[in-house]
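**Q** Below is the file final_17.txt, with compact mmCIF, C-alpha atoms.
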# COMPACT_ATOMS: atom_id res chain seq x y z
CA MET D 1 8.14 26.38 33.52
CA VAL D 2 11.40 24.87 32.21
CA LYS D 3 14.25 27.18 31.37
CA ILE D 4 17.62 26.01 30.02
CA GLU D 5 20.52 28.37 29.43
CA GLN D 6 23.74 27.48 27.60
CA LEU D 7 23.58 23.80 28.54
CA SER D 8 26.61 21.69 27.62
CA VAL D 9 27.02 17.98 28.35
CA SER D 10 29.77 15.52 27.43
CA LEU D 11 29.58 11.75 27.65
CA SER D 12 32.91 9.85 27.81
CA ALA D 13 34.65 13.15 26.98
CA PHE D 14 32.59 13.54 23.78
CA PRO D 15 30.48 16.73 23.52
CA VAL D 16 26.82 15.71 23.16
CA ILE D 17 25.03 18.96 24.05
CA ARG D 18 26.61 22.21 22.87
CA GLY D 19 25.19 25.38 24.39
CA VAL D 20 21.47 24.57 24.24
CA THR D 21 19.10 27.34 25.36
CA LEU D 22 15.41 26.57 25.70
CA ASP D 23 12.37 28.12 27.41
CA VAL D 24 9.24 25.96 27.80
CA GLU D 25 6.08 27.70 28.93
CA GLU D 26 3.69 26.36 31.57
CA GLY D 27 1.22 23.88 30.04
CA GLU D 28 3.12 23.75 26.76
CA PHE D 29 3.77 20.52 24.85
CA LEU D 30 7.26 20.75 23.34
CA CYS D 31 8.92 18.13 21.14
CA LEU D 32 12.67 17.68 20.89
CA LEU D 33 13.01 16.38 17.34
CA GLY D 34 16.06 15.14 15.50
CA PRO D 35 18.04 12.18 14.19
CA SER D 36 19.68 9.58 16.40
CA GLY D 37 22.69 10.97 18.26
CA CYS D 38 21.65 14.63 18.00
CA GLY D 39 21.46 15.08 21.79
CA LYS D 40 17.71 15.18 22.35
CA THR D 41 17.57 12.34 24.91
CA THR D 42 20.62 13.71 26.74
CA THR D 43 18.83 17.07 26.99
CA LEU D 44 15.80 15.31 28.46
CA ARG D 45 17.92 13.33 30.92
CA SER D 46 19.67 16.54 32.00
CA ILE D 47 16.31 18.11 32.85
CA ALA D 48 15.36 14.98 34.81
CA GLY D 49 18.67 15.01 36.70
CA PHE D 50 20.11 11.82 35.24
CA GLU D 51 23.05 13.64 33.61
CA VAL D 52 25.38 16.17 35.21
CA PRO D 53 26.05 19.09 32.82
CA GLU D 54 29.50 20.56 32.38
CA GLN D 55 28.04 24.04 32.22
CA GLY D 56 24.74 25.85 31.95
CA ARG D 57 21.65 26.42 34.06
CA ILE D 58 18.31 24.62 34.34
CA GLN D 59 15.22 25.89 36.14
CA VAL D 60 12.01 23.93 36.75
CA GLY D 61 9.02 25.96 37.88
CA GLY D 62 11.26 28.95 38.55
CA ARG D 63 13.49 26.92 40.88
CA PRO D 64 17.16 26.36 39.93
CA VAL D 65 17.95 22.65 39.71
CA VAL D 66 21.29 23.09 37.93
CA ASP D 67 23.26 26.28 38.49
CA GLY D 68 26.93 26.41 39.35
CA ASP D 69 27.38 24.31 42.49
CA THR D 70 23.62 23.68 42.73
CA PHE D 71 22.48 20.23 41.58
CA VAL D 72 19.07 19.03 42.76
CA PRO D 73 18.76 15.22 42.60
CA PRO D 74 16.10 13.69 40.31
CA GLN D 75 13.68 12.68 43.07
CA LYS D 76 13.45 16.27 44.32
CA ARG D 77 12.77 17.99 40.98
CA ASN D 78 9.02 17.19 40.83
CA VAL D 79 9.49 15.86 37.31
CA GLY D 80 7.80 12.75 35.91
CA MET D 81 9.39 10.62 33.20
CA LEU D 82 7.98 8.02 30.84
CA PHE D 83 10.67 5.76 29.39
CA GLN D 84 10.75 3.82 26.13
CA ASP D 85 10.63 0.47 27.95
CA LEU D 86 7.84 1.64 30.36
CA SER D 87 9.66 -0.02 33.33
CA LEU D 88 6.49 -1.34 34.99
CA PHE D 89 7.05 -3.59 37.98
CA PRO D 90 6.03 -7.09 36.84
CA HIS D 91 5.40 -8.35 40.41
CA LEU D 92 2.98 -5.52 41.27
CA THR D 93 -0.65 -5.15 40.23
CA ILE D 94 -1.76 -2.26 38.04
CA ARG D 95 -3.11 -0.49 41.13
CA ALA D 96 0.17 -0.98 42.99
CA ASN D 97 2.23 0.18 40.00
CA ILE D 98 0.27 3.43 39.75
CA GLY D 99 0.46 4.05 43.48
CA TYR D 100 4.15 3.25 43.77
CA GLY D 101 5.27 6.89 43.74
CA LEU D 102 2.67 7.90 46.34
CA ARG D 103 3.98 5.86 49.23
CA GLY D 104 4.53 8.92 51.40
CA GLY D 105 0.84 9.83 51.51
CA THR D 106 -2.03 8.57 53.65
CA GLY D 107 -3.84 5.38 52.66
CA ASN D 108 -7.14 7.03 51.75
CA ALA D 109 -5.47 9.80 49.73
CA ILE D 110 -3.38 7.28 47.79
CA GLU D 111 -6.44 5.14 47.04
CA ARG D 112 -8.44 8.15 45.82
CA ARG D 113 -5.62 9.32 43.56
CA VAL D 114 -5.07 5.84 42.09
CA ASP D 115 -8.82 5.42 41.47
CA GLU D 116 -8.92 8.81 39.77
CA LEU D 117 -6.09 7.82 37.43
CA LEU D 118 -7.56 4.39 36.75
CA ASP D 119 -10.73 6.13 35.63
CA GLN D 120 -8.80 8.57 33.46
CA ILE D 121 -6.98 5.77 31.64
CA LYS D 122 -10.15 3.63 31.55
CA LEU D 123 -8.57 0.61 33.28
CA ARG D 124 -10.49 0.45 36.57
CA GLU D 125 -11.68 -3.09 35.79
CA HIS D 126 -8.04 -4.20 35.31
CA ALA D 127 -6.75 -2.73 38.58
CA ASP D 128 -5.89 -6.09 40.15
CA LYS D 129 -4.22 -7.58 37.09
CA TYR D 130 -0.46 -7.69 36.47
CA PRO D 131 1.34 -5.91 33.60
CA HIS D 132 1.87 -9.06 31.52
CA MET D 133 -1.91 -9.55 31.42
CA LEU D 134 -2.45 -6.25 29.56
CA SER D 135 -1.93 -5.25 25.95
CA GLY D 136 0.94 -2.99 24.94
CA GLY D 137 -1.37 0.01 24.71
CA GLN D 138 -2.84 -0.66 28.14
CA GLN D 139 0.64 -0.99 29.65
CA GLN D 140 1.51 2.37 28.10
CA ARG D 141 -1.46 3.99 29.85
CA VAL D 142 -0.49 2.44 33.18
CA ALA D 143 3.07 3.79 32.85
CA LEU D 144 1.69 7.24 32.09
CA ALA D 145 -0.69 7.09 35.07
CA ARG D 146 2.16 6.07 37.37
CA ALA D 147 4.26 9.02 36.16
CA LEU D 148 1.31 11.42 36.63
CA ALA D 149 0.35 10.11 40.07
CA PRO D 150 2.54 12.51 42.13
CA ASN D 151 1.24 15.52 40.13
CA PRO D 152 4.61 16.46 38.61
CA ARG D 153 5.18 20.01 37.43
CA VAL D 154 6.78 18.67 34.24
CA MET D 155 6.39 15.41 32.31
CA LEU D 156 9.29 14.09 30.22
CA LEU D 157 8.63 11.48 27.51
CA ASP D 158 11.49 9.62 25.83
CA GLU D 159 10.17 8.20 22.52
CA PRO D 160 7.26 6.64 24.42
CA PHE D 161 5.50 5.18 21.38
CA SER D 162 8.46 3.69 19.51
CA GLY D 163 7.85 0.16 20.80
CA LEU D 164 4.24 -0.02 19.60
CA ASP D 165 3.11 -1.45 16.27
CA VAL D 166 1.83 0.95 13.65
CA ALA D 167 -1.85 0.13 14.14
CA LEU D 168 -1.70 0.77 17.89
CA ARG D 169 0.74 3.66 17.91
CA SER D 170 -1.63 6.33 16.63
CA GLN D 171 -4.37 5.42 19.11
CA VAL D 172 -2.06 5.31 22.13
CA ARG D 173 -0.34 8.55 21.09
CA ASP D 174 -3.66 10.37 20.79
CA GLU D 175 -4.82 9.06 24.19
CA THR D 176 -1.54 10.00 25.89
CA VAL D 177 -1.36 13.50 24.44
CA GLY D 178 -5.04 14.03 25.24
CA LEU D 179 -4.53 13.10 28.89
CA LEU D 180 -1.49 15.34 29.26
CA LYS D 181 -3.11 18.34 27.62
CA ALA D 182 -6.33 17.86 29.57
CA ALA D 183 -4.27 17.92 32.78
CA SER D 184 -2.36 21.03 31.55
CA VAL D 185 0.93 19.30 32.36
CA THR D 186 4.01 20.94 30.87
CA THR D 187 5.42 18.22 28.63
CA ILE D 188 8.70 17.71 26.79
CA MET D 189 8.78 14.74 24.44
CA VAL D 190 11.70 13.29 22.51
CA THR D 191 11.01 11.82 19.08
CA HIS D 192 12.83 11.18 15.80
CA ASP D 193 9.52 11.09 13.89
CA PRO D 194 8.65 14.47 12.27
CA GLU D 195 5.00 13.55 11.73
CA GLU D 196 4.62 12.55 15.37
CA ALA D 197 6.20 15.82 16.50
CA MET D 198 3.91 17.88 14.26
CA LEU D 199 0.82 16.01 15.47
CA CYS D 200 1.65 16.36 19.18
CA ALA D 201 3.59 19.54 19.76
CA ASP D 202 2.68 23.14 20.38
CA ARG D 203 6.28 23.91 19.44
CA ILE D 204 9.18 21.87 18.08
CA ALA D 205 12.89 22.24 18.83
CA LEU D 206 14.73 20.65 15.90
CA MET D 207 18.17 19.42 16.96
CA ARG D 208 21.35 18.41 15.16
CA ASP D 209 24.83 17.69 16.51
CA GLY D 210 23.95 18.82 20.03
CA ARG D 211 22.46 22.15 19.01
CA ILE D 212 18.98 23.51 18.34
CA VAL D 213 18.81 24.25 14.61
CA GLN D 214 15.33 25.75 14.55
CA MET D 215 12.49 26.26 16.97
CA GLY D 216 8.87 27.16 16.32
CA THR D 217 5.37 25.86 15.80
CA PRO D 218 4.97 22.81 13.54
CA GLY D 219 3.66 25.09 10.79
CA ASP D 220 6.58 27.52 11.12
CA ILE D 221 9.22 24.80 10.88
CA TYR D 222 7.53 22.94 8.04
CA ASP D 223 6.73 26.03 5.95
CA ARG D 224 9.86 28.06 6.68
CA PRO D 225 12.88 25.75 7.17
CA VAL D 226 16.04 27.70 7.98
CA ASN D 227 18.42 25.39 6.12
CA ALA D 228 18.62 22.30 3.93
CA PHE D 229 18.78 19.95 6.92
CA ALA D 230 15.49 21.31 8.30
CA ALA D 231 13.82 21.09 4.89
CA ARG D 232 14.93 17.46 4.41
CA PHE D 233 14.19 16.29 7.94
CA LEU D 234 10.61 17.49 8.22
CA SER D 235 9.37 15.61 5.14
CA ASP D 236 10.28 14.11 1.80
CA VAL D 237 11.65 16.67 -0.63
CA ASN D 238 12.83 16.68 -4.22
CA CYS D 239 16.29 18.20 -4.63
CA LEU D 240 17.51 19.82 -7.84
CA GLU D 241 21.09 21.00 -8.23
CA GLY D 242 21.52 24.35 -9.86
CA ARG D 243 23.74 27.35 -10.33
CA VAL D 244 22.95 31.07 -10.25
CA ASP D 245 22.88 32.56 -13.75
CA LYS D 246 21.69 36.12 -14.40
CA GLY D 247 19.45 36.38 -11.33
CA ALA D 248 18.02 32.89 -11.29
CA VAL D 249 19.03 29.38 -10.27
CA GLN D 250 19.25 27.38 -13.47
CA THR D 251 18.31 23.71 -13.04
CA SER D 252 17.51 20.92 -15.47
CA LEU D 253 13.83 21.48 -14.73
CA CYS D 254 13.43 25.26 -14.98
CA ARG D 255 14.78 28.58 -13.72
CA PHE D 256 14.08 29.76 -10.16
CA PRO D 257 14.48 33.57 -9.89
CA THR D 258 16.38 34.78 -6.81
CA ASP D 259 18.41 37.74 -5.59
CA HIS D 260 19.83 36.02 -2.48
CA PHE D 261 22.94 34.44 -4.00
CA SER D 262 25.92 35.73 -5.93
CA GLU D 263 26.39 34.99 -9.62
CA GLY D 264 27.76 31.51 -10.25
CA SER D 265 26.92 30.16 -6.77
CA ALA D 266 26.01 26.48 -6.49
CA VAL D 267 22.46 26.29 -5.08
CA ASP D 268 20.19 23.37 -4.27
CA VAL D 269 16.46 23.72 -4.84
CA TYR D 270 14.19 21.75 -2.48
CA ILE D 271 10.62 21.11 -3.55
CA ARG D 272 7.94 19.46 -1.40
CA PRO D 273 6.08 16.69 -3.29
CA GLU D 274 2.75 18.44 -2.65
CA ALA D 275 4.11 21.62 -4.27
CA VAL D 276 3.86 20.09 -7.76
CA SER D 277 0.53 20.00 -9.61
CA MET D 278 -0.91 20.28 -13.11
CA ARG D 279 -0.98 23.75 -14.66
CA ASP D 280 -4.20 25.59 -13.81
CA GLY D 281 -3.37 29.17 -14.80
CA ARG D 282 -2.12 30.38 -11.39
CA GLU D 283 0.50 33.12 -11.49
CA ASP D 284 2.30 32.62 -8.15
CA VAL D 285 4.04 29.45 -9.36
CA TYR D 286 7.08 28.24 -11.25
CA THR D 287 6.22 26.43 -14.47
CA ALA D 288 7.92 23.62 -16.35
CA ARG D 289 7.39 20.82 -18.85
CA ALA D 290 8.21 17.38 -17.51
CA ARG D 291 8.21 13.89 -18.94
CA VAL D 292 6.54 11.03 -17.03
CA CYS D 293 9.14 8.35 -16.32
CA GLU D 294 7.37 6.09 -13.81
CA VAL D 295 3.86 5.65 -12.41
CA HIS D 296 3.11 3.61 -9.28
CA VAL D 297 -0.07 3.01 -7.28
CA ALA D 298 0.37 3.32 -3.49
CA GLY D 299 -2.98 2.85 -1.77
CA ALA D 300 -5.10 5.95 -2.31
CA ALA D 301 -2.25 7.77 -4.07
CA ARG D 302 -0.63 7.57 -7.48
CA ILE D 303 3.12 8.27 -7.35
CA VAL D 304 4.47 9.86 -10.50
CA LYS D 305 8.16 10.34 -11.19
CA PHE D 306 8.99 13.07 -13.68
CA GLY D 307 12.11 13.54 -15.77
CA VAL D 308 13.08 16.56 -17.79
CA ASP D 309 14.06 17.20 -21.43
CA GLY D 310 13.05 13.73 -22.53
CA ASP D 311 15.38 12.04 -20.03
CA ASP D 312 13.69 8.78 -19.05
CA HIS D 313 16.54 7.52 -16.89
CA HIS D 314 16.80 10.15 -14.19
CA ALA D 315 13.66 11.06 -12.17
CA HIS D 316 13.95 14.64 -11.02
CA LEU D 317 10.61 14.97 -9.26
CA GLU D 318 8.52 12.49 -7.29
CA VAL D 319 4.93 13.64 -6.81
CA ARG D 320 1.86 12.15 -5.12
CA PHE D 321 -1.42 12.62 -6.94
CA PRO D 322 -4.86 11.23 -6.06
CA ARG D 323 -5.28 7.73 -7.44
CA SER D 324 -7.92 9.05 -9.83
CA PHE D 325 -5.20 11.09 -11.61
CA SER D 326 -4.56 9.44 -14.97
CA VAL D 327 -1.21 9.71 -16.73
CA SER D 328 0.95 7.39 -18.81
CA VAL D 329 4.67 6.79 -18.95
CA GLY D 330 6.19 8.79 -21.79
CA GLU D 331 3.73 11.68 -21.67
CA THR D 332 5.11 15.20 -21.49
CA ILE D 333 2.91 17.50 -19.43
CA ASP D 334 2.88 21.04 -18.08
CA VAL D 335 3.34 21.27 -14.31
CA GLN D 336 3.41 24.10 -11.82
CA ILE D 337 5.43 24.37 -8.61
CA ASP D 338 4.15 26.33 -5.60
CA LYS D 339 6.67 29.02 -4.70
CA GLN D 340 5.69 28.84 -1.01
CA GLN D 341 6.83 25.21 -0.85
CA THR D 342 10.08 25.65 -2.75
CA TYR D 343 13.30 26.41 -0.85
CA LEU D 344 16.67 27.55 -2.14
CA PHE D 345 19.84 26.97 -0.11
CA GLU D 346 23.47 27.45 -1.05
CA ARG D 347 25.14 24.08 -1.45
CA ASP D 348 27.34 23.01 1.48
Would you mind giving the structure from this file in structure tokens?
**A**
Amino acid sequence: MVKIEQLSVSLSAFPVIRGVTLDVEEGEFLCLLGPSGCGKTTTLRSIAGFEVPEQGRIQVGGRPVVDGDTFVPPQKRNVGMLFQDLSLFPHLTIRANIGYGLRGGTGNAIERRVDELLDQIKLREHADKYPHMLSGGQQQRVALARALAPNPRVMLLDEPFSGLDVALRSQVRDETVGLLKAASVTTIMVTHDPEEAMLCADRIALMRDGRIVQMGTPGDIYDRPVNAFAARFLSDVNCLEGRVDKGAVQTSLCRFPTDHFSEGSAVDVYIRPEAVSMRDGREDVYTARARVCEVHVAGAARIVKFGVDGDDHHAHLEVRFPRSFSVSVGETIDVQIDKQQTYLFERD
């Protein structure tokens, strides 16, 4: 549905996109994920036609919209876009806002389409109100309905939930994603929130410095990060510095066997917090003895910080246990570390 080949874009002579290649399937929900300034929004704006690439090709629905001398303007790409600020017209009613992009159709057809969308977003009773009379979540639904009204082939979302408070964000996100997936609309969403990307996306394109670092399903990227950046960005991790010694990375916690690095190499070991648990006799784990340095209660969880070799001053591991887990500062306990959630990368 959307195909990008070797896309490069510069803004004020500064390279922002560097040879991005991407293929989004029809009906797929793809998230462009990455830190601020990585190029994800510029990629989205290039698909929409709001940026002119220096080089590369873009196809939407099999039709070239950027290719050499070809540049199709935004209004002719059959692409819908939902912005961060929603951009609703304050002087128009909800009905008029939704129907704004349908002005070329007949009156009856426009009315039927607007009514259909009002029903889908469950705001029929608010049709004659103005945007300022609605809640933030309701305004979000109106903006989505307006973008969907012309039946775009592709929907582009630029951090659409970032302006909502935490309590409302989850609800509005679930409603929005549900509507888009129910309509089988090919969707590309920009976000800097890894959890949001994993909850919404069929696939994630993780970006850094204008390039795609890794692409795959949420499970693939979380479980098999290709480098230290990917491991750190997807979730909290504990990092131990080590060095290869006789076939293992020696750290202050324990040894991590490996045959992927040369003797003496500096290697960082990344451990997901959920990888650490109490010893239970499993064999597919690393084992260590660790001293409890700090214990904190955080809602339903108990956060335990472990040190090693009796060192109370440097917490090597931060682990979340159920609140029912009982442990005291100063205790030395046996822990195990899941090998599948431990990642070794040569230090940059």
**Q** Set the distance at 7 Å and use only C-alpha atoms: which residues neighbour Phe306 of chain D once local chain neighbours fewer than 5 positions away are removed? I'd like the list as a list in words.
**A**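 Here the qualifying residues turn out to be Ala290, Arg291, Val292, Cys293, Ala315, His316, Leu317 and Glu318 of chain D.
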**Q** Under the rule that all atoms listed in the file are counted, which of D:Val52, D:Asp223, D:Val304, D:Val177 is the nearest residue to Asp202 of chain D?
**A**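 Between D:Val52, D:Asp223, D:Val304, D:Val177, the residue approaching Asp202 of chain D most closely is D:Val177.
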**Q** Could you tell me which of D:Gln120, D:Gln336, D:Thr217, D:Asn108 comes closest to Gly281 of chain D if we count all atoms listed in the file?
**A**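 Smallest distance to Gly281 of chain D is found for D:Gln336.
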**Q** Applying 12 Å and only C-alpha atoms, which residues near Thr176 of chain D remain after dropping the ones on its own chain fewer than 3 positions away? List them as a ChimeraX atom specification.
**A** /D:29,82,120-121,137-145,147-148,155,157,160-161,169-173,179-183,185,187,189,200
**Q** For a quick check of understanding, using only C-alpha atoms, which of D:Val327, D:Val319, D:Ala248, D:Val285 has the smallest distance to Ala301 of chain D?
**A**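 Using only C-alpha atoms, the shortest distance to Ala301 of chain D belongs to D:Val319.
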**Q** Work out how far apart atom CA of Glu274 of chain D and atom CA of Gln341 of chain D are and give it in Å to one decimal.
**A**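 Atom CA of Gln341 of chain D lies at a distance of 8.1 Å from atom CA of Glu274 of chain D.
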**Q** Which residues are close to segment 328-334 of chain D, i.e. within 12 Å by only C-alpha atoms, leaving aside same-chain residues fewer than 6 positions away? Reply as a count of residues only.
**A** 31
**Q** Determine, counting only C-alpha atoms, which protein, DNA and RNA residues have an atom within 9 Å of an atom of segment 256-261 of chain D; residues of the same chain fewer than 2 positions away are not included. Present the result as a list in words.
**A**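 Skipping anything fewer than 2 positions along the chain leaves Val244, Lys246, Gly247, Ala248, Val249, Gln250, Thr251, Cys254, Glu263, Gly264, Ser265, Ala266, Val267, Val269, Tyr286, Leu344, Phe345 and Glu346 of chain D.
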**Q** Which is closer to Cys38 of chain D than all the others in D:Ile212, D:Leu240, D:Val65, D:Ile98, using all atoms listed in the file?
**A**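 Answer, going by the shortest atom-to-atom distance: D:Ile212.
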**Q** Select, from D:Ala275, D:Val72, D:Ala149, D:Ala167, the residue with the minimum atom-to-atom distance to Val335 of chain D, counting only C-alpha atoms.
**A** D:Ala275
**Q** Do you have the atom CA of Pro322 of chain D-atom CA of Leu168 of chain D distance handy?
**A**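 These two atoms are separated by 26.3 Å.
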**Q** Which of these, D:Arg146, D:Arg45, D:Arg211, D:Lys40, has the shortest distance to Thr21 of chain D once you count all atoms listed in the file?
**A**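 Checking each of D:Arg146, D:Arg45, D:Arg211, D:Lys40 against Thr21 of chain D, counting all atoms listed in the file, the winner is D:Arg211.
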**Q** Measure the distance from atom CA of Gly19 of chain D to atom CA of Leu7 of chain D in Å and round it to one decimal.
**A** 4.7 Å
**Q** List as number ranges by chain the protein and nucleic acid residues near Thr186 of chain D, meaning an atom at most 6 Å away when all atoms listed in the file are counted, but skip any in the same chain fewer than 4 places from it.
**A** D: 26-28, 154
**Q** Could the centre and edge lengths of an axis-aligned box, enclosing all atoms of segment 100-115 of chain D in the file with 3 Å extra on each side, be given in Å to one decimal as AutoDock Vina command-line options?
**A**
--center_x -1.8 --center_y 6.5 --center_z 47.6 --size_x 20.1 --size_y 12.6 --size_z 18.2
**Q** Using only C-alpha atoms, give me every residue within 7 Å of (-6.6, -1.0, 40.2) in file coordinates, as a compact mmCIF listing (two decimals) with C-alpha atoms, in the coordinates of the input.
**A**
# COMPACT_ATOMS: atom_id res chain seq x y z
CA ILE D 94 -1.76 -2.26 38.04
CA ARG D 95 -3.11 -0.49 41.13
CA ASP D 115 -8.82 5.42 41.47
CA LEU D 118 -7.56 4.39 36.75
CA ARG D 124 -10.49 0.45 36.57
CA HIS D 126 -8.04 -4.20 35.31
CA ALA D 127 -6.75 -2.73 38.58
CA ASP D 128 -5.89 -6.09 40.15
